[in-house]
Amino acid sequence: MERTFREQLFFLLLCLSVLSGDCRYIENNDVSKDELYALFKSDLRREIPDLLMYRRPLRCLDMVAMEGQFTFTAETPQLSCAAFFMAEPSEVISVEYDSVDIDCSGGDFITVFDGWVMRGEKFPSSQDHPLPLYERYVDYCDSGSARKSVRSSQNVAMVFFRVHSAGSSFTLTVRKHTNPFPCNVISQSPEGRYTMVIPQQHRNCSFSIIYPVAIDVSEFSLGRRNNFPKRSLPGCAESGDYVQLLGGSGIDTSKLLPITDLCISFTGPTHLKIGCDNTVVRMVSSGRFVSRVSFSYRLLDSQELQTIKLNNVEDFCFNN
């Protein structure tokens, strides 16, 4: 049965309550499956009038896809909570502290993380993010009023928080901002088209699709290199500029398995069916060229997944 993006995200988030990971992980929450799905569905569909900010309570385990103001108020101690924020691929997210009433000296905290953390893995990986890992965590209790707003480097961010006393509360305002050169992206949809561009910068960028998909790479260009097609086994690192197709079950690209590398500019298509929980198009750039890759993707149906599983040729995720 095909799963929608919302259903899969909600499933992943619920899994956080029973999976081990960072010390600030979700361990217990009172969010039901129906409640979380309804909240996320409402966030995606609601439109914000120009002069009216969207407001709603924030839950211990939450998914937020809208701009607006979100208030958490503890009815009981909540020792391990997280809210996941998502924007469009061409946007970044800012999280502002509007009001905070927690006991930092008593062990409470609110920490914004630049990216997502799931099952101990981070997106973007440390190899692909422009900041060192310690700078990606911004703790309110450490920074206080000196830093009332935190902006992400990509279209996802999250907030970990812990409060020990009933009545403790805080309010966050979440805003989205245009990103002229998107780099690391988690797709909101199981199908679509995307063009990733790195404008002569030495950096790595990835586009993550949390689905088993059929993917078509229609174009890959590196400056003025000759346009000869090349699809090879992994091993393009020597060229300094290349595109990787990766697959696996986690979100850290450095821990995913390589499917194929593209080293030389071409006009496609290159077609693959990848039956993994996460499919990633990752571009590595030396900064010497304007690197560009265009691709389209769609969700594999149940019959295609079954065929891949039986053939055991095009896909390795079912064995891992």
# chains A, B, ... in the order shown; residues from 1 in each chain; ligands from 1
call {"tool": "residues_around", "arguments": {"residues": "Ile209 in chain A", "least_positions_apart": "6", "cutoff": "8 Å", "atoms": "only C-alpha atoms", "output": "ChimeraX atom specification"}}
result
/A:186-187,189-190,278-280
call {"tool": "select_by_dssp", "arguments": {"residues": "range 79-306 of chain A", "states": "alpha helix (DSSP H)", "output": "list in words"}}
result
Leu133, Tyr134, Glu135, Arg136, Tyr140, Cys141, Asp142, Ser143, Ser302, Gln303, Glu304, Leu305 and Gln306 of chain A
call {"tool": "residues_around", "arguments": {"residues": "Arg136 in chain A", "least_positions_apart": "4", "cutoff": "7 Å", "atoms": "only C-alpha atoms", "output": "PDB file with all heavy atoms, in the first residue's frame"}}
result
ATOM      1  N   PHE A 113      17.988  23.036  17.076  1.00  0.00           N
ATOM      2  CA  PHE A 113      19.011  22.326  16.309  1.00  0.00           C
ATOM      3  C   PHE A 113      18.862  22.682  14.837  1.00  0.00           C
ATOM      4  O   PHE A 113      17.762  22.650  14.285  1.00  0.00           O
ATOM      5  CB  PHE A 113      18.886  20.813  16.492  1.00  0.00           C
ATOM      6  CG  PHE A 113      19.914  20.033  15.715  1.00  0.00           C
ATOM      7  CD1 PHE A 113      21.242  20.050  16.087  1.00  0.00           C
ATOM      8  CD2 PHE A 113      19.552  19.293  14.596  1.00  0.00           C
ATOM      9  CE1 PHE A 113      22.195  19.339  15.369  1.00  0.00           C
ATOM     10  CE2 PHE A 113      20.490  18.577  13.869  1.00  0.00           C
ATOM     11  CZ  PHE A 113      21.821  18.609  14.258  1.00  0.00           C
ATOM     12  N   ASP A 114      19.968  22.996  14.206  1.00  0.00           N
ATOM     13  CA  ASP A 114      19.997  23.374  12.795  1.00  0.00           C
ATOM     14  C   ASP A 114      19.989  22.098  11.951  1.00  0.00           C
ATOM     15  O   ASP A 114      21.037  21.605  11.539  1.00  0.00           O
ATOM     16  CB  ASP A 114      21.243  24.213  12.516  1.00  0.00           C
ATOM     17  CG  ASP A 114      21.244  24.813  11.113  1.00  0.00           C
ATOM     18  OD1 ASP A 114      20.274  24.591  10.357  1.00  0.00           O
ATOM     19  OD2 ASP A 114      22.218  25.516  10.771  1.00  0.00           O
ATOM     20  N   LEU A 131      28.336  24.418   9.205  1.00  0.00           N
ATOM     21  CA  LEU A 131      28.751  24.725  10.570  1.00  0.00           C
ATOM     22  C   LEU A 131      29.264  23.482  11.274  1.00  0.00           C
ATOM     23  O   LEU A 131      28.790  22.376  11.015  1.00  0.00           O
ATOM     24  CB  LEU A 131      27.579  25.298  11.374  1.00  0.00           C
ATOM     25  CG  LEU A 131      26.981  26.621  10.889  1.00  0.00           C
ATOM     26  CD1 LEU A 131      25.765  26.980  11.743  1.00  0.00           C
ATOM     27  CD2 LEU A 131      28.011  27.733  10.932  1.00  0.00           C
ATOM     28  N   PRO A 132      30.216  23.644  12.195  1.00  0.00           N
ATOM     29  CA  PRO A 132      30.603  22.497  13.035  1.00  0.00           C
ATOM     30  C   PRO A 132      29.419  22.094  13.911  1.00  0.00           C
ATOM     31  O   PRO A 132      28.539  22.907  14.211  1.00  0.00           O
ATOM     32  CB  PRO A 132      31.771  23.041  13.867  1.00  0.00           C
ATOM     33  CG  PRO A 132      31.619  24.525  13.841  1.00  0.00           C
ATOM     34  CD  PRO A 132      30.995  24.861  12.518  1.00  0.00           C
TER      35      PRO A 132
END
call {"tool": "residues_around", "arguments": {"residues": "Val100 in chain A", "least_positions_apart": "3", "cutoff": "8 Å", "atoms": "only C-alpha atoms", "output": "PyMOL selection string"}}
result
chain A and resi 97+169-171
call {"tool": "write_last_selection", "arguments": {"atoms": "C-alpha atoms", "output": "compact mmCIF listing (two decimals), in the first residue's frame"}}
result
# COMPACT_ATOMS: atom_id res chain seq x y z
CA TYR A 97 11.80 33.08 21.47
CA SER A 169 5.82 27.42 29.35
CA PHE A 170 7.40 29.10 26.35
CA THR A 171 6.25 30.63 23.07
call {"tool": "atom_distance", "arguments": {"atom1": "CA of Thr173 in chain A", "atom2": "CA of Cys60 in chain A"}}
result
16.4 Å
call {"tool": "residues_around", "arguments": {"residues": "Asn179 in chain A", "least_positions_apart": "3", "cutoff": "12 Å", "atoms": "only C-alpha atoms", "output": "number ranges by chain"}}
result
A: 87-94, 151-155, 176, 182-185
call {"tool": "select_by_dssp", "arguments": {"residues": "range 76-295 of chain A", "states": "strand (DSSP E or B)", "output": "count of residues only"}}
result
121
call {"tool": "closest_atom_pairs", "arguments": {"of": "range 71-138 of chain A", "to": "range 252-262 of chain A", "cutoff": "6 Å", "atoms": "only C-alpha atoms", "output": "JSON lines"}}
result
{"residue": "A:Glu121", "atom": "CA", "partner": "A:Asp252", "partner_atom": "CA", "distance": 5.4}
{"residue": "A:Lys122", "atom": "CA", "partner": "A:Asp252", "partner_atom": "CA", "distance": 5.3}
{"residue": "A:Phe123", "atom": "CA", "partner": "A:Asp252", "partner_atom": "CA", "distance": 5.5}
{"residue": "A:Ser125", "atom": "CA", "partner": "A:Asp252", "partner_atom": "CA", "distance": 5.2}
call {"tool": "atom_distance", "arguments": {"atom1": "CA of Phe72 in chain A", "atom2": "CA of Met86 in chain A"}}
result
18.3 Å
call {"tool": "residues_around", "arguments": {"residues": "range 102-111 of chain A", "least_positions_apart": "2", "cutoff": "12 Å", "atoms": "only C-alpha atoms", "output": "JSON, numbers by chain"}}
result
{"A": [24, 25, 60, 72, 73, 74, 77, 78, 79, 80, 81, 82, 83, 95, 96, 97, 99, 100, 113, 114, 115, 134, 135, 136, 137, 138, 139, 140, 141, 142, 143, 144, 147, 148, 149, 150, 157, 158, 159, 160, 161, 162, 163, 164, 165, 166, 167, 168, 169, 170, 171, 172]}
